[in-house]
Each structure stands twice: as structure tokens, then as C-alpha cells.
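Q: Here you go, one structure.
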Amino acid sequence: MKTYTLHVSGLTRELPICPVSDTLDIAAFIMLGDVELTRATARDLLAKCPDFDVLLTAECKGIPLAYEMSAMSGKPHVVARKEVKVYTQNPIIVTDNSITTQHAQQLVLGDLDAEKLRGKRVMIVDDVISTGGSLEALAKLVEKAGGIPAGKAAVLAEGDAAKRDDILFLEELPLFFH
């Protein structure tokens with residue numbers, strides 16, 4: 001299997017290269033289960049973030065990062081779900097398209113989570129920014145909930161995302177065209 005060697009936050013990881021289409025492969029960055037990597041990147045990402053009151057991430061790969069950033073900063077975090085659950089009251093729903101998902105997906109906040117964002121400076125975080133679609137969907141959720149966007153951050157910026165000046169990130173991640 002082909003891999004890409006990633007150096008981030010003083011750590012090295014071998015990422016498997018996976019096909020996304022007939023012409024594009026990506027290096028799969030999975031933080032789930034890697035506590036050492038999650039803690040190190042959370043620490044370094046927090047050092048780059050502006051002042052904020054609450055963190056927001058999307059289910060599921062951003063959850064460990066948001067949790068660690070929350071624990072380290074002492075500030076709460078909220079997770080946007082990918083579907084309406086039976087306990088979701090008065091859902092706010094935004095549709096998103098992601099490079100790693102083959103179809104449109106929803107991001108959902110119930111009124112209890114939306115209340116945690118209302119009037120607060122919200123830092124949006126995720127593991128990887130590629131097209132930026134997920135971050136934009138999260139930003140729309142912040143606005144619909146009455147929050148104030150404080151910034152957008154990710155561990156890695158993939159492809160052209162690394163050229164953006166509206167996001168914070170720790171390292172670039174290349175795309176592999178063929």
C-alpha cells in the first residue's frame with residue numbers, strides 16, 4: 001500500500017493513500033483512536049486560535065479534536081450531528097457536500113445546542129479542510145443559531161485549501177492527481 005509521510009506537531013504518521021475518483025487520491029488522515037496525535041495537534045491549534053467562547057465541530061472525525069481543545073481551554077464544545085435524532089428539538093439543518101462523502105450530507109443542531117452558540121464567539125474546528133464545504137456549512141449553522149464566527153481551524157489543509165487566508169491550520173496535505 002502506498003503511504004504519505006505526515007509530520008505535524010512534532011509527530012510523524014504514515015497515511016494510507018486512498019482513491020476518491022478515477023483521477024484523484026487522498027492521504028487518509030484519521031485522528032480517531034490516536035490520542036497522542038489528537039492532544040498534540042489540539043495544543044498547537046489552540047495556540048493559533050483567536051479568542052472564542054465555544055468550539056463547534058461536525059460529527060464524527062472532528063469530535064476528538066474539539067474535545068481535547070475544550071478540555072485544554074476550559075471552554076465548551078458543541079457537535080453538529082449528521083442527522084436529526086429523536087431527541088433533537090427544533091432542528092437547524094444545513095446541507096453540505098464533502099470530498100470524502102459520496103453524497104450530500106446534513107449538519108444538524110437542536111435547540112439546546114443552538115442555545116450554547118447564541119451570542120457567543122464560536123471557533124469552528126475540524127480535522128481536515130479540503131473544499132471547505134463542511135466549514136461553510138458549520139458557519140451557516142453558527143449564523144442560524146445566532147452565534148458570532150470567531151474563526152475556522154483544522155489540523156490539515158488539503159490541496160488548494162492551504163492557499164486560503166480565512167482558515168488556520170497546522171500543516172498542508174497534498175492531493176494526488178493521476
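The chains in the C-alpha cells are called A, B, ... from first to last as shown; in each chain the residues are counted from 1, and the ligands are counted from 1 in the order shown.
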Can you build me a table of stretch 50-93 of chain A residues sitting at most 12 Å from stretch 31-37 of chain A, with the closest atom pair per residue and its distance in Å to one decimal, using only C-alpha atoms, sorted by chain and residue number, as a tab-separated table?

A:
```
residue	atom	partner	partner_atom	distance
A:Glu59	CA	A:Leu32	CA	11.7
A:Cys60	CA	A:Leu32	CA	8.8
A:Lys61	CA	A:Leu32	CA	6.4
A:Gly62	CA	A:Met31	CA	8.2
A:Ile63	CA	A:Leu32	CA	8.6
A:Pro64	CA	A:Leu32	CA	6.8
A:Leu65	CA	A:Met31	CA	8.0
A:Ala66	CA	A:Met31	CA	11.5
A:Tyr67	CA	A:Val35	CA	11.2
A:Glu68	CA	A:Val35	CA	9.3
```

Q: Output as a PyMOL selection string all residues of stretch 125-177 of chain A that backbone DSSP marks as strand (DSSP E or B).

A: chain A and resi 125-129+148-158+168-173+175-177

Q: For atom CA of A:Leu135 and atom CA of A:Gly10, determine how far apart the two atoms are, in Å to one decimal place.

A: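 Spanning atom CA of A:Leu135 to atom CA of A:Gly10 is a straight-line distance of 25.8 Å.
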
Q: Which residue is closest to A:Val128? Choose from A:Gly159, A:Gly110, A:Pro50, A:Gly147 and count only C-alpha atoms.

A: A:Gly159

Q: May I ask which of the residues A:Ser21, A:Thr38, A:Ser9, A:Ser130 is the closest one to A:Met69, counting only C-alpha atoms?

A: A:Thr38

Q: Determine, counting only C-alpha atoms, which protein, DNA and RNA residues have an atom within 9 Å of an atom of A:Lys152; residues of the same chain fewer than 4 positions away are not included. Present the result as an MDAnalysis selection string.

A: chainID A and resid 49 122:126 135 139 166:169

Q: Could the residues in this selection be saved with all heavy atoms as an mmCIF file, in the first residue's frame?

A:
```cif
data_model
loop_
_atom_site.group_PDB
_atom_site.id
_atom_site.type_symbol
_atom_site.label_atom_id
_atom_site.label_comp_id
_atom_site.auth_asym_id
_atom_site.auth_seq_id
_atom_site.Cartn_x
_atom_site.Cartn_y
_atom_site.Cartn_z
ATOM 1 N N CYS A 49 -5.413 29.930 17.625
ATOM 2 C CA CYS A 49 -6.794 30.409 17.572
ATOM 3 C C CYS A 49 -6.961 31.775 18.234
ATOM 4 O O CYS A 49 -6.330 32.056 19.243
ATOM 5 C CB CYS A 49 -7.723 29.411 18.289
ATOM 6 S SG CYS A 49 -7.971 27.875 17.402
ATOM 7 N N VAL A 122 -17.792 31.770 18.293
ATOM 8 C CA VAL A 122 -17.709 30.340 18.008
ATOM 9 C C VAL A 122 -16.498 30.039 17.113
ATOM 10 O O VAL A 122 -16.384 30.569 16.011
ATOM 11 C CB VAL A 122 -18.992 29.830 17.331
ATOM 12 C CG1 VAL A 122 -18.905 28.329 17.068
ATOM 13 C CG2 VAL A 122 -20.216 30.170 18.181
ATOM 14 N N MET A 123 -15.612 29.177 17.607
ATOM 15 C CA MET A 123 -14.461 28.708 16.835
ATOM 16 C C MET A 123 -14.844 27.387 16.190
ATOM 17 O O MET A 123 -15.169 26.417 16.878
ATOM 18 C CB MET A 123 -13.257 28.518 17.774
ATOM 19 C CG MET A 123 -11.962 28.259 17.066
ATOM 20 S SD MET A 123 -11.397 29.755 16.262
ATOM 21 C CE MET A 123 -10.487 29.040 14.914
ATOM 22 N N ILE A 124 -14.830 27.347 14.866
ATOM 23 C CA ILE A 124 -15.184 26.142 14.111
ATOM 24 C C ILE A 124 -13.915 25.343 13.873
ATOM 25 O O ILE A 124 -12.914 25.877 13.386
ATOM 26 C CB ILE A 124 -15.839 26.526 12.773
ATOM 27 C CG1 ILE A 124 -17.131 27.309 13.034
ATOM 28 C CG2 ILE A 124 -16.091 25.296 11.919
ATOM 29 C CD1 ILE A 124 -17.703 27.981 11.798
ATOM 30 N N VAL A 125 -13.944 24.046 14.235
ATOM 31 C CA VAL A 125 -12.756 23.204 14.082
ATOM 32 C C VAL A 125 -13.106 21.885 13.399
ATOM 33 O O VAL A 125 -14.216 21.378 13.529
ATOM 34 C CB VAL A 125 -12.066 22.914 15.439
ATOM 35 C CG1 VAL A 125 -11.568 24.198 16.068
ATOM 36 C CG2 VAL A 125 -12.960 22.169 16.386
ATOM 37 N N ASP A 126 -12.125 21.359 12.669
ATOM 38 C CA ASP A 126 -12.280 20.057 12.033
ATOM 39 C C ASP A 126 -10.904 19.442 11.850
ATOM 40 O O ASP A 126 -9.886 20.109 12.063
ATOM 41 C CB ASP A 126 -12.997 20.204 10.683
ATOM 42 C CG ASP A 126 -13.807 18.975 10.305
ATOM 43 O OD1 ASP A 126 -13.656 17.913 10.963
ATOM 44 O OD2 ASP A 126 -14.589 19.047 9.352
ATOM 45 N N LEU A 135 -16.844 23.328 6.568
ATOM 46 C CA LEU A 135 -16.657 24.521 7.384
ATOM 47 C C LEU A 135 -17.696 25.586 7.065
ATOM 48 O O LEU A 135 -18.189 26.268 7.967
ATOM 49 C CB LEU A 135 -15.263 25.103 7.183
ATOM 50 C CG LEU A 135 -14.110 24.359 7.830
ATOM 51 C CD1 LEU A 135 -12.822 25.154 7.684
ATOM 52 C CD2 LEU A 135 -14.364 24.066 9.284
ATOM 53 N N ALA A 139 -20.384 27.193 9.516
ATOM 54 C CA ALA A 139 -20.520 28.644 9.674
ATOM 55 C C ALA A 139 -21.979 29.072 9.508
ATOM 56 O O ALA A 139 -22.457 29.954 10.232
ATOM 57 C CB ALA A 139 -19.628 29.367 8.667
ATOM 58 N N ASP A 166 -8.482 32.562 5.099
ATOM 59 C CA ASP A 166 -9.558 32.668 6.088
ATOM 60 C C ASP A 166 -9.607 31.479 7.037
ATOM 61 O O ASP A 166 -10.558 31.334 7.802
ATOM 62 C CB ASP A 166 -10.908 32.820 5.391
ATOM 63 C CG ASP A 166 -11.293 31.604 4.577
ATOM 64 O OD1 ASP A 166 -10.396 30.935 4.017
ATOM 65 O OD2 ASP A 166 -12.507 31.312 4.479
ATOM 66 N N ILE A 167 -8.585 30.628 6.995
ATOM 67 C CA ILE A 167 -8.547 29.460 7.873
ATOM 68 C C ILE A 167 -7.183 29.359 8.565
ATOM 69 O O ILE A 167 -6.178 29.839 8.047
ATOM 70 C CB ILE A 167 -8.825 28.144 7.115
ATOM 71 C CG1 ILE A 167 -7.818 27.927 5.987
ATOM 72 C CG2 ILE A 167 -10.250 28.100 6.597
ATOM 73 C CD1 ILE A 167 -7.892 26.576 5.314
ATOM 74 N N LEU A 168 -7.191 28.730 9.718
ATOM 75 C CA LEU A 168 -5.965 28.419 10.441
ATOM 76 C C LEU A 168 -5.731 26.925 10.320
ATOM 77 O O LEU A 168 -6.679 26.142 10.410
ATOM 78 C CB LEU A 168 -6.120 28.777 11.924
ATOM 79 C CG LEU A 168 -6.502 30.209 12.241
ATOM 80 C CD1 LEU A 168 -6.883 30.342 13.706
ATOM 81 C CD2 LEU A 168 -5.365 31.135 11.892
ATOM 82 N N PHE A 169 -4.482 26.524 10.134
ATOM 83 C CA PHE A 169 -4.171 25.099 10.068
ATOM 84 C C PHE A 169 -2.719 24.886 10.457
ATOM 85 O O PHE A 169 -1.920 25.821 10.476
ATOM 86 C CB PHE A 169 -4.468 24.524 8.674
ATOM 87 C CG PHE A 169 -3.671 25.139 7.553
ATOM 88 C CD1 PHE A 169 -2.482 24.572 7.142
ATOM 89 C CD2 PHE A 169 -4.114 26.293 6.920
ATOM 90 C CE1 PHE A 169 -1.736 25.134 6.114
ATOM 91 C CE2 PHE A 169 -3.391 26.863 5.893
ATOM 92 C CZ PHE A 169 -2.195 26.285 5.482
#
```

Q: Taking only stretch 4-125 of chain A into account, list the residues labelled alpha helix (DSSP H) by DSSP (computed from the backbone), as an MDAnalysis selection string.

A: chainID A and resid 35:48 63:73 111:117
